[in-house]
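Data first, discussion second: the structure below is written as C-alpha cells.
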Amino acid sequence: MWSPGGAIRSGPTLPFDHARHGTGASQELAFGDNVDGMSLFSAGGRSILVVNNEYVELDTFPRGGDSGKSMTADDVRKSKAAHGVSIVEIARKDGRWSIVKDSRYNRRITADTPMKITGPARGHDLLKTAQDRSGTGANGTWNDCGNGRTPWGTYLACEENFSNYFYSTDPNFKLTAEMKRYGIKGKDEGHAWASVDDRFDLSKHPNEPNRAGYVVEIDPLDSSSVPKKRTALGRFKHENAEVVLAANGRAVVYMGDDERGEFLYRFVSSGRNVEGGNNSDLLADGRLHVAKFADGGRGEWVELTPESTGMKSRAEICVFTRQAASAVKATTMDRPEWVAANPWKPEVYCCLTNNTNRGKKPNAGGDATPVGGPNPRAGNKYGQIVRWAPDGGDHLADGFAWDLFVVAGNPTVHTDAYAGSKNIHKGNMFNSPDGLVFSPNGILWIQTDGNYSDAGDFAGHGNNQMLAADPATGEIARFMVGPRECEITGLTWSTDRRTMFVGIQHPGEKGNSHFPDGGGATPCSAVIAVARKDGGAIG
Ligand code: FEO
Ligand code: CA
Ligand code: CA
Ligand code: CA
C-alpha cells in the first residue's frame, strides 16, 4: 500500500512526515497524491506500477503558512510535485508488496517535467509561449485522471481538469471565448500556482492553457524518456484513453470528455501497429471523430476535419476540439468518464457519470442538452453506462449500434425512471459510475465517484464502491466498498493476476476519515492490494 509522500528513493530524505506530508523537495522524490488511473508493466520479471496523481485535496492538503490555509511558495512547490504521474518498481515478499527504492525505473513526472508536443498542433502559433517560442514543447502534466495503455507497451496519462490551475492576477483581464469553453475562470480556486510560476497567470501567458488538456504518452521502462503530448487525440477534459487494435493494425482510441454536455471521441491512427516494431509515434497522426447518437439504437462517428467543422486547420481542431465537435452537432453527453472495450467481443462501454444540467441547461458552448437517446433522464443524478458495437465488428466502421447496459438509480426510493434499470436492486445500488475496466476474464469492473451521503435519493448507496458486472447477462454485484468520503478509481493487476491494485482517492475529504493510518492521522489517498484467500487469480 502506498500513500502520498512515501519515498521512492532512499538517501538523505527524512522519514515520511504523516502530519505535514513533507516539503516541496521531499515530494519531488516521493509518490504523488490523489491516485487515479494506473497500469502495471513488467520487464525482465520486474513489476513497474504507473499511477496518475490527479490533484491535491485543498481541504486537507497540509500547508506551511501561518493560517494553515494560505499557500506558501514551498506549499506550491509541494502541490505541483504531488501532481502528475508516479512510476515505481514494486516487489512482493512474503505475500506483501512494497516499493523497490532506488530502482532504475522509479520516476516522478510532475507539473514541471519537460515534454514534447507532437501531432498536428505541434509548432502552431496557439502553442507558442514565452517559455517555448517554438510551440513544440510543454512543461508538465497535471490533473491526470483516467489512463490508458497501448499494445506497444506505453502508458497514457489523460489531462482532465487542467483549467482549474489558471487564473489572472490582473483583475481587468478578459477571458476569451475559447478559455470559457474549457471552463477556465479568472480567479484562483486555491492552488495558487501563479503566485510562484507565472505560466499559470492568464494575463501574462494567455496561450499557456493551450499546452494542457491532452493525452500524454509515457514510456514507463525508460526513466530518461521525454513524455509526449498527443495533440492528434484532441484537447478536452480527457478522462481515459481506451486503445484497441483494428484488424488491419490501426490503433483506435476511445475517449470521453468529462464535463456536462460534452462529447465522446474516437481516434484512428494513420499508421499500423507492427508487433515488435517501432510503434512509438503511432499516436502522432490520425483521424479524430466524435459520436452522434440517434434514437432507436443507432449512431455514427463523424470525422472532425476543416471541411466538416469550418475550422481553419487540423491544428486548430486539435487545440479547440470542443468547438469542432459542436460545429458538427455531436451528441451532448452526461459527462463521459472511462471507456472500456470488451476483450471478448467488439463492443465498448462508457460511464456517463451524471449530469444535473441534462434537459435544463446547455453546455458551455451553448449546445442544447435534450433528454433522450443515451441520456434519458432530466437532471440526471445517478448516471448510466452506454455501450456500442461497431458495425461488422470492425472498430474502424463509422456506424454502430448502442444500448444502455445499466441505468443507475434507487428502487427503494423511486418507482419511475429514477429507480434505475432492471439489473439494479437493493443489493447493488450505486450512483455516478466513473472508473471502468475490463479484466481479461471478461468481467467489467465499475468504480464510483458519487454522492456518499447514504441519505435521501442516495439512501442505501453507502460509500463509493467497486462493482463487478457480467456484460453477457447484465448481472452486477458489489465487490468492495471504500472508506468514508473517498472515490474509488484506478485498477490494475500483478502480472500473475493474483493481486488486484485499486486506487482509493481522497478518503476523508470532508474530515471524516483517517484512512489508511487511523488514529488522528491526516487521511491519504492510497493504492490497496487485494488478493484471494486461496491465492488464486482475481480477474
Ligand atoms: Fe477525474 Fe472525470 O474524473
Ligand atoms: Ca474519474
Ligand atoms: Ca467523476
Ligand atoms: Ca476524482
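All residue names refer to the C-alpha cells as shown: chains lettered A, B, ... in order, residues numbered from 1 in each chain, ligands numbered from 1 in order.
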> Mind checking DSSP for region 24-140 of chain A and telling me the helix (DSSP H, G or I) residues as a list of chain:residue names?
Replying inline: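 In region 24-140 of chain A, DSSP puts these residues in helix (DSSP H, G or I): A:Gly24, A:Ala25, A:Ser26, A:Gln27, A:Ala73, A:Asp74, A:Asp75, A:Val76, A:Arg77, A:Lys78, A:Ser79, A:Lys80, A:Ala81, A:Ala82, A:Asp125, A:Leu126, A:Leu127.
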> Got a sec: who's within 12 Å of Lys228 (chain A), counting only C-alpha atoms, leaving out chain neighbours fewer than 2 positions off, as a VMD selection string?
Replying inline: chain A and resid 113 to 119 122 136 to 141 154 to 158 211 to 212 214 to 219 225 to 226 230 to 233 280 to 284
Selected residues, C-alpha atoms, written as a short mmCIF file (atom, residue, chain, number, x, y, z; two decimals), in the first residue's frame, please.
data_model
loop_
_atom_site.label_atom_id
_atom_site.label_comp_id
_atom_site.auth_asym_id
_atom_site.auth_seq_id
_atom_site.Cartn_x
_atom_site.Cartn_y
_atom_site.Cartn_z
CA THR A 113 8.61 17.82 -16.24
CA PRO A 114 9.69 18.82 -19.78
CA MET A 115 7.54 17.27 -22.50
CA LYS A 116 7.36 17.23 -26.26
CA ILE A 117 4.29 18.35 -28.19
CA THR A 118 3.50 16.06 -31.13
CA GLY A 119 0.86 15.87 -33.81
CA ARG A 122 3.00 20.96 -32.90
CA THR A 136 6.89 22.29 -29.71
CA GLY A 137 7.39 21.75 -26.00
CA ALA A 138 5.42 21.94 -22.78
CA ASN A 139 6.24 21.78 -19.13
CA GLY A 140 4.50 19.22 -17.02
CA THR A 141 1.21 17.42 -16.74
CA THR A 154 3.44 2.66 -23.25
CA TYR A 155 1.29 4.40 -20.66
CA LEU A 156 -1.25 7.10 -21.41
CA ALA A 157 -1.95 9.78 -18.80
CA CYS A 158 -5.04 11.84 -19.54
CA ARG A 211 -0.46 23.36 -23.85
CA ALA A 212 -2.68 21.35 -21.48
CA TYR A 214 -4.04 16.34 -23.90
CA VAL A 215 -3.26 12.64 -23.67
CA VAL A 216 0.38 12.21 -22.63
CA GLU A 217 2.26 9.10 -23.79
CA ILE A 218 4.97 7.87 -21.44
CA ASP A 219 7.50 5.07 -21.84
CA SER A 225 12.39 9.34 -21.91
CA VAL A 226 10.58 12.59 -22.68
CA ARG A 230 -0.54 13.80 -28.31
CA THR A 231 -2.46 16.68 -29.89
CA ALA A 232 -3.82 14.32 -32.58
CA LEU A 233 -6.10 12.86 -29.88
CA SER A 280 6.44 4.88 -30.74
CA ASP A 281 4.75 7.55 -32.85
CA LEU A 282 1.57 5.79 -33.86
CA LEU A 283 -0.45 8.30 -31.86
CA ALA A 284 1.15 11.30 -33.58
#
>> Just checking: using only C-alpha atoms and all ligand atoms, which residue out of A:Val386, A:Val56, A:Ala469, A:Val406 ends up closest to ligand 1?
In response: A:Val56
> Pick the closest to ligand 4 from A:His506, A:Arg358, A:Arg497, A:Lys204: which is it, counting only C-alpha atoms and all ligand atoms?
Replying inline: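 Smallest distance to ligand 4 is found for A:His506.
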> Which residue gives the smallest distance to Lys426 (chain A) among A:Ala401, A:Ile476, A:Tyr349, A:Ile184, with only C-alpha atoms counted?
Replying inline: A:Ile476
> When DSSP works through the backbone of this structure, what residues of region 99-259 of chain A end up as strand (DSSP E or B), shown as number ranges by chain?
Replying inline: A: 99, 107-109, 114-118, 137-139, 144-149, 155-159, 167, 201, 215-218, 228-230, 238, 242-245, 250-257
>> Can you work out which residues are within 12 Å of ligand 3, considering only C-alpha atoms and all ligand atoms, and then hand them over as a ChimeraX atom specification?
In response: /A:36-37,54,145-146,160-161,237-240,256-260,334-338,351-355,382-383,431-436,447-451,464,486-490,505
> Which is closest to Ala529 (chain A) among A:Arg96, A:Lys381, A:Arg20, A:Lys80, if we use only C-alpha atoms?
Replying inline: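 So, comparing all the options, the nearest one is A:Arg96.
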> Counting only C-alpha atoms, what is within 10 Å of Glu303 (chain A), bar same-chain residues fewer than 5 positions away, as a PyMOL selection string?
Replying inline: chain A and resi 265-267+287-291+308-309+324-325+328+398
> How far is it from CA of Lys360 (chain A) to CA of Ala378 (chain A), in Å with one decimal?
Replying inline: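 Atom-to-atom, CA of Lys360 (chain A) and CA of Ala378 (chain A) are spaced 7.2 Å apart.
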Selection near region 365-368 of chain A, 8 Å with only C-alpha atoms, sequence-local residues under 5 positions removed, as a PDB file with C-alpha atoms, in the first residue's frame:
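Output saved as part_19.pdb:
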ATOM      1  CA  ARG A 181     -15.476  26.924 -23.316  1.00  0.00           C
ATOM      2  CA  GLY A 261     -22.919  18.127 -22.088  1.00  0.00           C
ATOM      3  CA  GLN A 323     -15.654  23.781 -30.661  1.00  0.00           C
ATOM      4  CA  SER A 326     -20.042  21.445 -31.530  1.00  0.00           C
ATOM      5  CA  THR A 332     -24.044  16.248 -25.858  1.00  0.00           C
ATOM      6  CA  GLY A 359     -32.644  18.882 -20.140  1.00  0.00           C
TER       7      GLY A 359
END
> Restricting the calculation to only C-alpha atoms and all ligand atoms, which member of A:Val527, A:Leu221, A:Ile87, A:Val339 is positioned closest to ligand 2?
Replying inline: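 Checking each candidate against ligand 2, we get A:Val339 as the closest.
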> Do you have the CA of His124 (chain A)-CA of Asn278 (chain A) distance handy?
Replying inline: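 Atom-to-atom, CA of His124 (chain A) and CA of Asn278 (chain A) are spaced 26.4 Å apart.
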> Looking at A:Val348, A:Ala91, A:Ala521, A:Met255, which one is nearest to ligand 1, with distances taken over only C-alpha atoms and all ligand atoms?
Replying inline: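 For ligand 1, the nearest of the candidates is A:Met255.
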